[in-house]
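J.: If it helps, the file is called model10.cif and holds mmCIF, C-alpha atoms:
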```cif
data_my_file
loop_
_atom_site.label_atom_id
_atom_site.label_comp_id
_atom_site.auth_asym_id
_atom_site.auth_seq_id
_atom_site.Cartn_x
_atom_site.Cartn_y
_atom_site.Cartn_z
CA GLY A 24 13.45 -26.23 -47.39
CA SER A 25 15.01 -28.98 -45.30
CA SER A 26 17.97 -26.76 -44.38
CA ASN A 27 15.62 -24.24 -42.74
CA LYS A 28 13.81 -27.00 -40.87
CA ASN A 29 17.10 -28.25 -39.41
CA ILE A 30 17.58 -24.90 -37.68
CA PHE A 31 14.73 -25.77 -35.33
CA GLN A 32 15.73 -29.39 -34.63
CA ARG A 33 17.22 -29.74 -31.13
CA SER A 34 19.51 -32.61 -30.20
CA THR A 35 20.89 -31.24 -26.93
CA LYS A 36 19.56 -29.33 -23.94
CA THR A 37 20.68 -25.68 -23.81
CA LEU A 38 20.51 -23.15 -21.02
CA PHE A 39 17.46 -21.56 -22.64
CA ASN A 40 15.28 -24.68 -22.81
CA ILE A 41 11.92 -24.19 -21.09
CA PRO A 42 12.57 -25.33 -17.48
CA LYS A 43 11.05 -28.58 -16.22
CA GLN A 44 9.15 -28.81 -12.93
CA GLY A 45 11.94 -30.10 -10.70
CA ASP A 46 14.60 -27.77 -12.11
CA ARG A 47 12.65 -24.55 -12.52
CA ALA A 48 14.01 -22.45 -9.69
CA THR A 49 17.63 -23.27 -10.54
CA ASP A 50 17.14 -22.97 -14.31
CA ILE A 51 15.32 -19.63 -14.06
CA TYR A 52 18.13 -18.25 -11.90
CA ARG A 53 20.82 -19.50 -14.34
CA ILE A 54 19.02 -17.94 -17.31
CA ALA A 55 18.67 -14.60 -15.50
CA TYR A 56 22.34 -14.77 -14.45
CA ARG A 57 23.45 -15.35 -18.06
CA LEU A 58 21.28 -12.51 -19.37
CA PHE A 59 22.51 -10.03 -16.75
CA GLN A 60 26.07 -10.88 -17.81
CA GLN A 61 25.36 -9.43 -21.25
CA PRO A 62 26.42 -5.75 -20.96
CA ASP A 63 24.35 -4.64 -23.95
CA LEU A 64 21.07 -5.72 -22.33
CA LEU A 65 19.31 -3.17 -20.13
CA VAL A 66 17.91 -4.35 -16.80
CA ASP A 67 14.34 -3.82 -17.98
CA GLU A 68 15.09 -5.79 -21.16
CA VAL A 69 16.31 -8.71 -19.05
CA LYS A 70 13.14 -8.50 -16.97
CA ASP A 71 10.98 -8.53 -20.10
CA ILE A 72 12.81 -11.57 -21.49
CA MET A 73 12.52 -13.36 -18.17
CA ARG A 74 8.79 -12.64 -18.02
CA ILE A 75 8.39 -14.23 -21.49
CA ILE A 76 10.32 -17.30 -20.29
CA PHE A 77 8.24 -17.38 -17.10
CA ASP A 78 4.99 -17.30 -19.12
CA ALA A 79 6.29 -20.03 -21.45
CA THR A 80 7.25 -22.12 -18.42
CA ASN A 81 3.73 -21.92 -17.04
CA ILE A 82 2.21 -22.75 -20.43
CA ARG A 83 4.33 -25.91 -20.47
CA SER A 84 3.40 -26.60 -16.83
CA ALA A 85 -0.30 -26.45 -17.73
CA GLU A 86 0.25 -28.80 -20.68
CA GLU A 87 2.21 -31.28 -18.56
CA GLY A 88 -0.12 -31.07 -15.55
CA TRP A 89 2.57 -29.56 -13.31
CA ASP A 90 1.97 -26.92 -10.63
CA ALA A 91 2.32 -23.38 -11.96
CA MET A 92 5.50 -21.49 -11.15
CA LYS A 93 4.92 -18.62 -8.73
CA ILE A 94 5.80 -15.02 -9.64
CA ALA A 95 7.65 -14.80 -6.31
CA GLN A 96 10.11 -17.45 -7.58
CA LEU A 97 10.83 -15.32 -10.64
CA ARG A 98 11.41 -12.22 -8.48
CA THR A 99 13.77 -14.14 -6.18
CA ALA A 100 15.79 -15.43 -9.14
CA LEU A 101 15.98 -11.96 -10.73
CA ASP A 102 17.03 -10.29 -7.48
CA SER A 103 19.70 -12.88 -6.76
CA ALA A 104 21.08 -12.86 -10.31
CA PHE A 105 21.13 -9.05 -10.40
CA ARG A 106 23.02 -8.79 -7.10
CA ARG A 107 25.67 -11.24 -8.33
CA THR A 108 26.19 -9.55 -11.71
CA ARG A 109 25.10 -5.93 -11.95
CA ALA A 110 24.88 -4.71 -8.34
CA LYS A 111 27.78 -2.51 -7.31
CA GLY A 112 30.56 -4.60 -5.83
CA GLY A 113 29.09 -7.96 -6.90
CA ASP A 114 29.57 -10.49 -4.12
CA LYS A 115 32.03 -8.29 -2.24
CA ILE A 116 30.74 -7.32 1.18
CA LYS A 117 31.25 -3.68 2.13
CA ILE A 118 32.94 -3.22 5.52
CA VAL A 119 33.34 0.24 7.05
CA ALA A 120 34.34 1.75 10.36
CA PHE A 121 31.33 2.86 12.40
CA GLU A 122 32.30 6.54 12.34
CA ALA A 123 32.61 6.45 8.54
CA ILE A 124 28.82 6.16 8.31
CA ALA A 125 28.42 9.75 9.55
CA LYS A 126 28.41 11.48 6.14
CA ALA A 127 25.92 9.05 4.64
CA ALA A 128 23.72 9.41 7.72
CA MET A 129 23.90 13.22 7.50
CA SER A 130 22.86 13.09 3.84
CA HIS A 131 20.00 10.77 4.75
CA VAL A 132 18.71 13.18 7.40
CA LEU A 133 19.02 16.23 5.14
CA ASN A 134 17.16 14.48 2.32
CA LEU A 135 14.65 12.66 4.48
CA LYS A 136 11.14 12.78 3.07
CA VAL A 137 8.00 11.81 4.89
CA VAL A 138 4.27 11.59 4.32
CA LYS A 139 2.41 13.42 7.08
CA SER A 140 -0.37 11.65 8.97
CA ASN A 141 -1.37 15.10 10.33
CA ILE A 142 -1.78 13.50 13.73
CA PRO A 143 0.75 15.53 15.78
CA LYS A 144 1.65 12.83 18.31
CA ILE A 145 2.32 10.34 15.52
CA ASP A 146 4.23 12.71 13.23
CA ALA A 147 6.39 13.74 16.21
CA ILE A 148 7.99 10.27 16.27
CA HIS A 149 9.81 10.43 12.91
CA GLY A 150 8.44 13.63 11.38
CA GLY A 151 5.81 11.60 9.54
CA MET A 152 5.45 8.24 7.84
CA MET A 153 8.84 7.41 6.35
CA LEU A 154 9.29 6.64 2.65
CA GLY A 155 10.24 3.02 2.04
CA ASN A 156 7.83 1.78 4.71
CA PHE A 157 4.30 0.44 4.75
CA TYR A 158 1.64 0.99 7.38
CA PRO A 159 -1.59 -1.04 7.34
CA VAL A 160 -4.79 0.46 8.74
CA ILE A 161 -6.71 -2.26 10.58
CA GLY A 162 -10.27 -2.00 11.85
CA GLN A 163 -13.87 -3.16 11.76
CA ARG A 164 -16.18 -1.92 9.04
CA GLY A 165 -17.57 1.49 9.91
CA THR A 166 -14.53 2.60 11.92
CA LYS A 167 -13.68 5.30 9.37
CA LYS A 168 -10.55 3.67 7.89
CA SER A 169 -11.28 5.12 4.44
CA PHE A 170 -12.05 8.53 5.97
CA LEU A 171 -8.63 8.48 7.67
CA LEU A 172 -6.72 7.60 4.50
CA GLU A 173 -8.65 9.99 2.26
CA ASP A 174 -8.01 12.72 4.82
CA ILE A 175 -4.26 11.96 4.83
CA ALA A 176 -4.19 11.89 1.01
CA ILE A 177 -5.93 15.25 0.63
CA ASP A 178 -3.80 16.96 3.27
CA ASN A 179 -0.58 15.72 1.61
CA ALA A 180 -1.72 16.86 -1.85
CA ILE A 181 -2.38 20.31 -0.38
CA ASP A 182 1.18 20.17 1.03
CA ASP A 183 2.52 19.46 -2.49
CA ILE A 184 3.07 15.70 -2.00
CA ALA A 185 1.75 13.43 -4.76
CA GLY A 186 0.10 10.05 -4.33
CA VAL A 187 -2.46 7.56 -5.60
CA PHE A 188 -5.66 6.36 -3.92
CA PHE A 189 -6.48 2.83 -5.11
CA ASN A 190 -10.23 2.64 -4.57
CA LEU A 191 -10.96 -1.09 -4.85
CA GLU A 192 -14.26 -1.29 -2.93
CA MET A 193 -16.13 2.02 -2.71
CA SER A 194 -18.03 3.64 -5.56
CA GLU A 195 -16.05 6.43 -7.21
CA THR A 196 -18.95 8.80 -6.63
CA GLN A 197 -18.99 8.07 -2.90
CA LEU A 198 -15.23 8.61 -2.68
CA PHE A 199 -15.61 11.95 -4.49
CA LYS A 200 -18.54 13.04 -2.31
CA ARG A 201 -16.43 12.62 0.83
CA GLY A 202 -13.34 14.27 -0.59
CA VAL A 203 -14.95 17.27 -2.25
CA GLN A 204 -16.73 18.18 0.99
CA LYS A 205 -13.40 18.34 2.80
CA ILE A 206 -11.58 20.17 -0.01
CA MET A 207 -14.26 22.72 -0.91
CA ASN A 208 -16.18 22.89 2.41
CA THR A 209 -19.46 22.31 0.64
CA ASN A 210 -21.90 19.51 -0.10
CA PHE A 211 -21.36 18.94 -3.82
CA PHE A 212 -24.49 16.85 -4.29
CA ASN A 213 -26.71 19.50 -2.70
CA ASP A 214 -24.99 22.21 -4.76
CA VAL A 215 -25.68 20.32 -7.99
CA GLN A 216 -29.32 19.66 -7.07
CA SER A 217 -29.87 23.31 -6.14
CA GLY A 218 -28.19 24.54 -9.33
CA LYS A 219 -25.36 26.27 -7.49
CA VAL A 220 -22.95 24.05 -9.40
CA ASN A 221 -24.05 23.67 -13.02
CA SER A 222 -22.78 23.04 -16.54
CA LYS A 223 -21.71 26.70 -16.88
CA ASN A 224 -19.45 26.82 -13.85
CA ILE A 225 -18.42 23.15 -13.37
CA ASP A 226 -15.08 23.76 -15.14
CA ASP A 227 -14.31 26.64 -12.77
CA PHE A 228 -15.23 24.36 -9.85
CA ILE A 229 -12.84 21.67 -11.14
CA SER A 230 -10.05 24.22 -11.64
CA GLU A 231 -10.42 25.55 -8.11
CA MET A 232 -10.35 22.06 -6.65
CA GLY A 233 -7.26 21.22 -8.71
CA ARG A 234 -5.58 24.40 -7.52
CA LYS A 235 -6.15 23.47 -3.89
CA LEU A 236 -4.87 19.95 -4.44
CA ASN A 237 -2.01 21.09 -6.68
CA SER A 238 -3.39 18.38 -9.04
CA LEU A 239 -1.36 15.85 -7.05
CA LEU A 240 -4.03 13.39 -5.89
CA PHE A 241 -4.79 10.59 -8.34
CA VAL A 242 -7.53 7.97 -8.07
CA VAL A 243 -7.77 4.46 -9.54
CA SER A 244 -11.20 2.85 -9.10
CA GLU A 245 -10.70 -0.68 -10.36
CA PRO A 246 -11.38 -3.86 -8.34
CA ASN A 247 -9.25 -7.02 -8.36
CA LEU A 248 -5.95 -5.35 -9.16
CA SER A 249 -2.84 -7.46 -8.63
CA ASP A 250 0.26 -6.17 -6.86
CA ASP A 251 2.07 -6.20 -10.21
CA GLN A 252 -0.69 -4.05 -11.75
CA ILE A 253 -0.39 -1.58 -8.88
CA VAL A 254 3.33 -1.22 -9.62
CA GLN A 255 2.60 -0.72 -13.33
CA ILE A 256 -0.03 1.93 -12.54
CA LEU A 257 2.34 3.80 -10.23
CA SER A 258 4.95 3.89 -12.99
CA GLN A 259 2.34 5.00 -15.51
CA VAL A 260 1.14 7.88 -13.32
CA GLU A 261 4.72 9.05 -12.73
CA ASN A 262 5.50 8.89 -16.46
CA ASP A 263 2.24 10.55 -17.57
CA TYR A 264 2.30 13.39 -15.04
CA GLY A 265 6.04 13.75 -14.37
CA LYS A 266 5.58 13.53 -10.60
CA LYS A 267 7.15 11.18 -8.05
CA MET A 268 4.43 9.28 -6.18
CA SER A 269 5.29 9.42 -2.48
CA TYR A 270 2.43 7.26 -1.22
CA ALA A 271 -0.35 4.91 -2.24
CA MET A 272 -3.56 4.17 -0.34
CA ILE A 273 -4.99 0.69 -0.99
CA ASP A 274 -8.66 0.40 0.00
CA SER A 275 -8.54 -2.47 0.63
CA PHE A 276 -6.11 -5.37 0.32
CA ALA A 277 -9.13 -7.72 0.43
CA GLY A 278 -10.26 -6.20 -2.87
CA MET A 279 -7.01 -7.14 -4.60
CA ALA A 280 -6.63 -10.10 -6.95
CA GLY A 281 -5.04 -13.26 -5.62
CA GLU A 282 -5.65 -16.25 -3.44
CA THR A 283 -9.12 -17.00 -2.08
CA GLU A 284 -7.55 -18.25 1.15
CA GLU A 285 -7.07 -15.10 3.23
CA LEU A 286 -4.03 -16.32 5.18
CA LYS A 287 -2.01 -17.12 2.04
CA LYS A 288 -3.08 -13.85 0.46
CA SER A 289 -2.13 -11.85 3.55
CA ILE A 290 1.32 -13.47 3.82
CA ARG A 291 2.10 -12.90 0.15
CA LEU A 292 0.81 -9.33 -0.04
CA SER A 293 2.49 -8.25 3.19
CA LYS A 294 5.83 -9.23 1.64
CA SER A 295 4.85 -7.61 -1.65
CA PHE A 296 3.82 -4.34 0.03
CA LYS A 297 7.17 -4.18 1.80
CA ARG A 298 9.03 -4.87 -1.44
CA ILE A 299 7.06 -2.23 -3.37
CA SER A 300 7.47 0.46 -0.71
CA THR A 301 11.21 -0.21 -0.48
CA GLU A 302 11.93 -0.48 -4.22
CA ARG A 303 9.85 2.58 -5.12
CA ASN A 304 10.84 4.54 -2.00
CA MET A 305 7.26 5.39 -1.12
CA VAL A 306 4.74 4.83 1.66
CA LEU A 307 1.98 2.23 1.30
CA PHE A 308 -1.19 2.34 3.40
CA PRO A 309 -3.23 -0.85 2.84
CA ILE A 310 -6.59 -1.11 4.61
CA CYS A 311 -7.19 -4.43 6.39
CA HIS A 312 -10.56 -5.64 7.62
CA VAL A 313 -11.12 -7.69 10.77
CA ASN A 314 -13.42 -10.61 11.55
CA GLN A 315 -16.81 -10.33 13.23
CA MET A 316 -15.35 -11.25 16.65
CA CYS A 317 -13.82 -7.76 16.83
CA ALA A 318 -16.23 -5.30 18.42
CA PRO A 319 -15.99 -1.77 16.95
CA HIS A 320 -14.70 -0.41 20.28
CA ILE A 321 -11.75 -2.84 20.64
CA ARG A 322 -8.53 -0.81 20.50
CA ASP A 323 -6.00 -3.49 19.50
CA THR A 324 -7.52 -4.86 16.31
CA VAL A 325 -4.47 -6.81 15.10
CA PRO A 326 -5.41 -10.20 16.65
CA TYR A 327 -8.70 -10.07 14.70
CA THR A 328 -7.19 -9.22 11.29
CA ARG A 329 -8.70 -11.26 8.49
CA GLY A 330 -5.90 -13.38 7.09
CA GLY A 331 -4.01 -13.36 10.39
CA GLY A 332 -1.48 -10.95 11.84
CA LYS A 333 1.21 -11.21 9.13
CA MET A 334 0.26 -7.84 7.67
CA ALA A 335 1.10 -6.14 10.97
CA ASP A 336 4.10 -8.43 11.56
CA ASN A 337 5.77 -7.42 8.29
CA ALA A 338 4.80 -3.74 8.50
CA ASP A 339 6.95 -0.89 9.79
CA GLY A 340 4.08 0.37 11.93
CA TYR A 341 0.31 0.09 11.90
CA PHE A 342 -2.88 1.98 12.68
CA CYS A 343 -5.83 0.47 14.54
CA THR A 344 -9.16 2.30 14.19
CA SER A 345 -12.07 1.91 16.58
CA LEU A 346 -15.20 3.70 17.76
CA ILE A 347 -16.08 5.33 21.07
CA ILE A 348 -19.07 4.14 23.07
CA ASP A 349 -21.82 6.68 23.72
CA GLU A 350 -22.43 6.04 27.40
CA GLN A 351 -25.64 8.08 27.42
CA LEU A 352 -27.33 6.06 24.69
CA THR A 353 -25.94 2.61 25.51
CA VAL A 354 -28.28 0.33 27.44
CA GLY A 355 -26.95 -3.09 28.47
CA ASP A 356 -25.79 -5.01 25.40
CA ASP A 357 -27.31 -2.44 23.03
CA ILE A 358 -24.07 -0.54 22.44
CA ARG A 359 -24.25 2.80 20.65
CA TYR A 360 -21.32 4.82 19.35
CA ARG A 361 -20.51 8.51 19.04
CA ASP A 362 -20.91 9.50 15.39
CA ASN A 363 -18.30 12.23 15.21
CA LEU A 364 -15.39 10.65 17.10
CA LEU A 365 -12.72 8.13 16.13
CA TRP A 366 -10.06 6.41 18.24
CA VAL A 367 -6.77 5.90 16.35
CA ARG A 368 -4.04 3.78 17.87
CA TYR A 369 -0.67 3.86 16.12
CA THR A 370 2.08 1.35 16.92
CA ASP A 371 5.59 2.25 15.74
CA LYS A 372 7.71 -0.82 15.09
CA ARG A 373 10.91 1.01 14.16
CA GLU A 374 13.29 2.43 16.77
CA SER A 375 10.84 3.95 19.26
CA GLY A 376 8.37 1.09 19.70
CA LYS A 377 5.84 3.67 20.87
CA ILE A 378 2.09 3.13 21.03
CA VAL A 379 0.19 6.37 20.51
CA ASP A 380 -3.55 6.75 21.16
CA THR A 381 -5.36 9.73 19.64
CA ILE A 382 -8.98 10.87 19.61
CA MET A 383 -10.05 12.41 16.32
CA SER A 384 -13.16 14.44 15.62
CA LEU A 385 -15.09 14.52 12.35
CA ASP A 386 -16.66 17.90 11.59
CA GLU A 387 -19.64 18.71 9.36
CA ASN A 388 -17.35 19.01 6.31
CA LEU A 389 -15.78 15.58 7.02
CA ASN A 390 -12.47 17.01 8.21
CA LEU A 391 -10.71 14.70 10.67
CA ARG A 392 -8.74 16.53 13.33
CA ALA A 393 -6.73 15.20 16.25
CA LEU A 394 -7.92 16.43 19.66
CA ASN A 395 -5.36 17.41 22.28
CA VAL A 396 -7.02 15.38 25.04
CA ASP A 397 -6.37 12.35 27.22
CA PRO A 398 -7.99 9.45 25.31
CA LEU A 399 -8.92 7.67 28.54
CA GLN A 400 -11.47 10.34 29.36
CA TYR A 401 -13.45 9.10 26.34
CA GLU A 402 -13.39 5.49 27.52
CA VAL A 403 -16.51 4.36 29.36
CA SER A 404 -16.02 3.15 32.93
CA GLN A 405 -16.11 -0.62 32.35
CA TRP A 406 -13.45 -0.34 29.62
CA LYS A 407 -10.93 1.93 31.32
CA LYS A 408 -9.08 -0.90 33.04
CA THR A 409 -8.88 -3.02 29.86
#
```
Rewrite the coordinates I just gave you, this time as structure tokens.

T.:
Amino acid sequence: GSSNKNIFQRSTKTLFNIPKQGDRATDIYRIAYRLFQQPDLLVDEVKDIMRIIFDATNIRSAEEGWDAMKIAQLRTALDSAFRRTRAKGGDKIKIVAFEAIAKAAMSHVLNLKVVKSNIPKIDAIHGGMMLGNFYPVIGQRGTKKSFLLEDIAIDNAIDDIAGVFFNLEMSETQLFKRGVQKIMNTNFFNDVQSGKVNSKNIDDFISEMGRKLNSLLFVVSEPNLSDDQIVQILSQVENDYGKKMSYAMIDSFAGMAGETEELKKSIRLSKSFKRISTERNMVLFPICHVNQMCAPHIRDTVPYTRGGGKMADNADGYFCTSLIIDEQLTVGDDIRYRDNLLWVRYTDKRESGKIVDTIMSLDENLNLRALNVDPLQYEVSQWKKT
């Protein structure tokens, strides 16, 4: 009846009206602030409500012809409102004497967890790649970036450290072919074709591979994932398998959903990767491609990164991968490269500031191993000075 209809008639603007274009950032923050003040609402419930309001705001924006509200604006509002309401101490700034930090620092050291790169000179800096950080791998196509990350993932699974490989570009079969050769020291495709691996023993083969990996390496082969979807998947894997994910490989950030303009995409995702690694206390390894001006034997690949250098700027450290010229086969401008060698340069941006160059060899079973050699002896004469 008319009495029911009156319930939905609005004569005044309330806090929970759908925000207008010019007021959105402020209104979204005020709504989040009010919701976080309600003690009976869980943090995740507030986030869900705010996502509904965010979606409704963008529906109205589309109807009115306004620019869509960015997800980053919602995150900023949520973070700010949470800190001012639910975070311990509210707006009060914690001040301590320097020496009082000792116990917290001792606890941090004792509980420090890392993801090993299994490159001794790199792991010697902090014991490995530190949780809460992200480390892009930057290089030209064909410089074995995926090999390096798959190698790190497998070695960590064997060491009882769980993680996810987001395979956004390669075929799942190709990824498996590389990995199974390293894990089982055999060519799986040849074994299947010869009948060595067949329908009768494939389950035993799978069990043995799972035993070696401790069933701790997970793969997602889905292109055009957003950063929010990656977070959801990480939570899903942890809930489904009851394991904390310590790292995620993203091959590559170019295969993720988002802006078509590479610079905008790189700036946004570099901030997102840092936020995800910090909030989830894990290591992220996104692969970054370079432009065609970067020759495969250039050691510092950062200036050539597609989308600019923001990915390296916002990272905690980064890897540059490059190839090694085969001086015997190279004639003039016809440059040839050594098939089984990889040059890895790691730049640490935290504390040490070290730059570490390592030569890695790739054996017949696709195992990458660091060589204890002076990298300069692998540089051809005209490149040694540069």

J.: Do you have the CA of Ser258 in chain A-CA of Asn156 in chain A distance handy?

T.: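 Going from CA of Ser258 in chain A over to CA of Asn156 in chain A covers 18.1 Å.
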
J.: Residues within 9 Å of Leu191 in chain A, please, as a list in words. Count only C-alpha atoms; anything in the same chain fewer than 2 positions from it doesn't count.

T.: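 In the requested format, the answer is Phe189, Met193, Ser194, Val243, Ser244, Glu245, Pro246, Asn247, Leu248, Ile273, Asp274, Ser275, Phe276, Ala277, Gly278 and Met279 of chain A.
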
J.: Neighbouring residues of range 120-133 of chain A were defined as those with any atom within 12 Å, considering all atoms listed in the file; residues of the same chain fewer than 6 positions away were excluded. Please report them as a ChimeraX atom specification.

T.: /A:149-150,153-154

J.: How many Å lie between CA of Ser238 in chain A and CA of Ile181 in chain A, rounded to one decimal?

T.: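 Atom-to-atom, CA of Ser238 in chain A to CA of Ile181 in chain A, that is 8.9 Å.
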
J.: Given the point (6.0, -15.2, -12.0) in the file's coordinates, find the residues that have an atom at most 12 Å from it, counting all atoms listed in the file, and give them as an mmCIF file with C-alpha atoms, in the frame of the given file.

T.:
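In the end it all went to point_12.cif:
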```cif
data_model
loop_
_atom_site.group_PDB
_atom_site.id
_atom_site.type_symbol
_atom_site.label_atom_id
_atom_site.label_comp_id
_atom_site.auth_asym_id
_atom_site.auth_seq_id
_atom_site.Cartn_x
_atom_site.Cartn_y
_atom_site.Cartn_z
ATOM 1 C CA ARG A 47 12.650 -24.550 -12.520
ATOM 2 C CA ALA A 48 14.010 -22.450 -9.690
ATOM 3 C CA ILE A 51 15.320 -19.630 -14.060
ATOM 4 C CA LYS A 70 13.140 -8.500 -16.970
ATOM 5 C CA ASP A 71 10.980 -8.530 -20.100
ATOM 6 C CA MET A 73 12.520 -13.360 -18.170
ATOM 7 C CA ARG A 74 8.790 -12.640 -18.020
ATOM 8 C CA ILE A 75 8.390 -14.230 -21.490
ATOM 9 C CA ILE A 76 10.320 -17.300 -20.290
ATOM 10 C CA PHE A 77 8.240 -17.380 -17.100
ATOM 11 C CA ASP A 78 4.990 -17.300 -19.120
ATOM 12 C CA ALA A 79 6.290 -20.030 -21.450
ATOM 13 C CA THR A 80 7.250 -22.120 -18.420
ATOM 14 C CA ASN A 81 3.730 -21.920 -17.040
ATOM 15 C CA ILE A 82 2.210 -22.750 -20.430
ATOM 16 C CA ALA A 91 2.320 -23.380 -11.960
ATOM 17 C CA MET A 92 5.500 -21.490 -11.150
ATOM 18 C CA LYS A 93 4.920 -18.620 -8.730
ATOM 19 C CA ILE A 94 5.800 -15.020 -9.640
ATOM 20 C CA ALA A 95 7.650 -14.800 -6.310
ATOM 21 C CA GLN A 96 10.110 -17.450 -7.580
ATOM 22 C CA LEU A 97 10.830 -15.320 -10.640
ATOM 23 C CA ARG A 98 11.410 -12.220 -8.480
ATOM 24 C CA THR A 99 13.770 -14.140 -6.180
ATOM 25 C CA ALA A 100 15.790 -15.430 -9.140
ATOM 26 C CA LEU A 101 15.980 -11.960 -10.730
ATOM 27 C CA ASP A 250 0.260 -6.170 -6.860
ATOM 28 C CA ASP A 251 2.070 -6.200 -10.210
#
```

J.: The PyMOL selection byres ((chain A and resi 328) around 9) - which residues does that actually catch in the file I just gave you? List them as a PyMOL selection string.

T.: chain A and resi 161-162+311-314+317+324-327+329-335

J.: Kindly give the distance, in Å, that separates CA of Thr196 in chain A and CA of Phe228 in chain A, rounded to a single decimal.

T.: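 That distance, rounded to one decimal, is 16.3 Å.
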
J.: Residues at most 7 Å from Leu172 in chain A, counting all atoms listed in the file, excluding those fewer than 4 positions away in the same chain, as a ChimeraX atom specification?

T.: /A:168,176,272

J.: Restricting the calculation to all atoms listed in the file, which member of A:Ala185, A:Ile358, A:Val242, A:Leu346 is positioned closest to Met268 in chain A?

T.: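 Going through A:Ala185, A:Ile358, A:Val242, A:Leu346 one by one, the smallest distance to Met268 in chain A is for A:Ala185.
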
J.: Can you write range 149-160 of chain A from the block above with N, CA, C and O atoms, as a PDB file, in the first residue's frame?

T.:
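Output saved as result-v6.pdb:
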```
ATOM      1  N   HIS A 149      70.588 -11.778   2.399  1.00  0.00           N
ATOM      2  CA  HIS A 149      69.585 -11.764   3.471  1.00  0.00           C
ATOM      3  C   HIS A 149      69.143 -13.166   3.867  1.00  0.00           C
ATOM      4  O   HIS A 149      68.167 -13.322   4.597  1.00  0.00           O
ATOM      5  N   GLY A 150      69.806 -14.183   3.363  1.00  0.00           N
ATOM      6  CA  GLY A 150      69.378 -15.556   3.607  1.00  0.00           C
ATOM      7  C   GLY A 150      68.410 -16.060   2.562  1.00  0.00           C
ATOM      8  O   GLY A 150      68.050 -17.236   2.531  1.00  0.00           O
ATOM      9  N   GLY A 151      67.976 -15.174   1.682  1.00  0.00           N
ATOM     10  CA  GLY A 151      67.007 -15.505   0.638  1.00  0.00           C
ATOM     11  C   GLY A 151      66.167 -14.286   0.327  1.00  0.00           C
ATOM     12  O   GLY A 151      66.455 -13.169   0.773  1.00  0.00           O
ATOM     13  N   MET A 152      65.102 -14.478  -0.426  1.00  0.00           N
ATOM     14  CA  MET A 152      64.210 -13.380  -0.760  1.00  0.00           C
ATOM     15  C   MET A 152      63.211 -13.226   0.389  1.00  0.00           C
ATOM     16  O   MET A 152      62.507 -14.177   0.751  1.00  0.00           O
ATOM     17  N   MET A 153      63.139 -12.054   0.958  1.00  0.00           N
ATOM     18  CA  MET A 153      62.413 -11.844   2.204  1.00  0.00           C
ATOM     19  C   MET A 153      60.913 -11.713   1.975  1.00  0.00           C
ATOM     20  O   MET A 153      60.470 -11.019   1.057  1.00  0.00           O
ATOM     21  N   LEU A 154      60.120 -12.385   2.832  1.00  0.00           N
ATOM     22  CA  LEU A 154      58.671 -12.291   2.758  1.00  0.00           C
ATOM     23  C   LEU A 154      58.241 -10.848   2.991  1.00  0.00           C
ATOM     24  O   LEU A 154      58.827 -10.140   3.808  1.00  0.00           O
ATOM     25  N   GLY A 155      57.220 -10.433   2.268  1.00  0.00           N
ATOM     26  CA  GLY A 155      56.764  -9.053   2.332  1.00  0.00           C
ATOM     27  C   GLY A 155      57.354  -8.180   1.249  1.00  0.00           C
ATOM     28  O   GLY A 155      57.031  -6.994   1.158  1.00  0.00           O
ATOM     29  N   ASN A 156      58.213  -8.774   0.412  1.00  0.00           N
ATOM     30  CA  ASN A 156      58.871  -8.023  -0.657  1.00  0.00           C
ATOM     31  C   ASN A 156      58.475  -8.560  -2.029  1.00  0.00           C
ATOM     32  O   ASN A 156      57.988  -9.671  -2.152  1.00  0.00           O
ATOM     33  N   PHE A 157      58.728  -7.748  -3.064  1.00  0.00           N
ATOM     34  CA  PHE A 157      58.533  -8.264  -4.412  1.00  0.00           C
ATOM     35  C   PHE A 157      59.742  -7.952  -5.281  1.00  0.00           C
ATOM     36  O   PHE A 157      60.397  -6.923  -5.124  1.00  0.00           O
ATOM     37  N   TYR A 158      60.033  -8.901  -6.177  1.00  0.00           N
ATOM     38  CA  TYR A 158      61.257  -8.879  -6.957  1.00  0.00           C
ATOM     39  C   TYR A 158      60.946  -9.180  -8.428  1.00  0.00           C
ATOM     40  O   TYR A 158      60.791 -10.345  -8.801  1.00  0.00           O
ATOM     41  N   PRO A 159      60.828  -8.162  -9.270  1.00  0.00           N
ATOM     42  CA  PRO A 159      60.581  -8.440 -10.691  1.00  0.00           C
ATOM     43  C   PRO A 159      61.790  -9.093 -11.362  1.00  0.00           C
ATOM     44  O   PRO A 159      62.942  -8.889 -10.942  1.00  0.00           O
ATOM     45  N   VAL A 160      61.497  -9.878 -12.391  1.00  0.00           N
ATOM     46  CA  VAL A 160      62.533 -10.501 -13.221  1.00  0.00           C
ATOM     47  C   VAL A 160      62.391  -9.890 -14.617  1.00  0.00           C
ATOM     48  O   VAL A 160      61.372 -10.071 -15.277  1.00  0.00           O
TER      49      VAL A 160
END
```
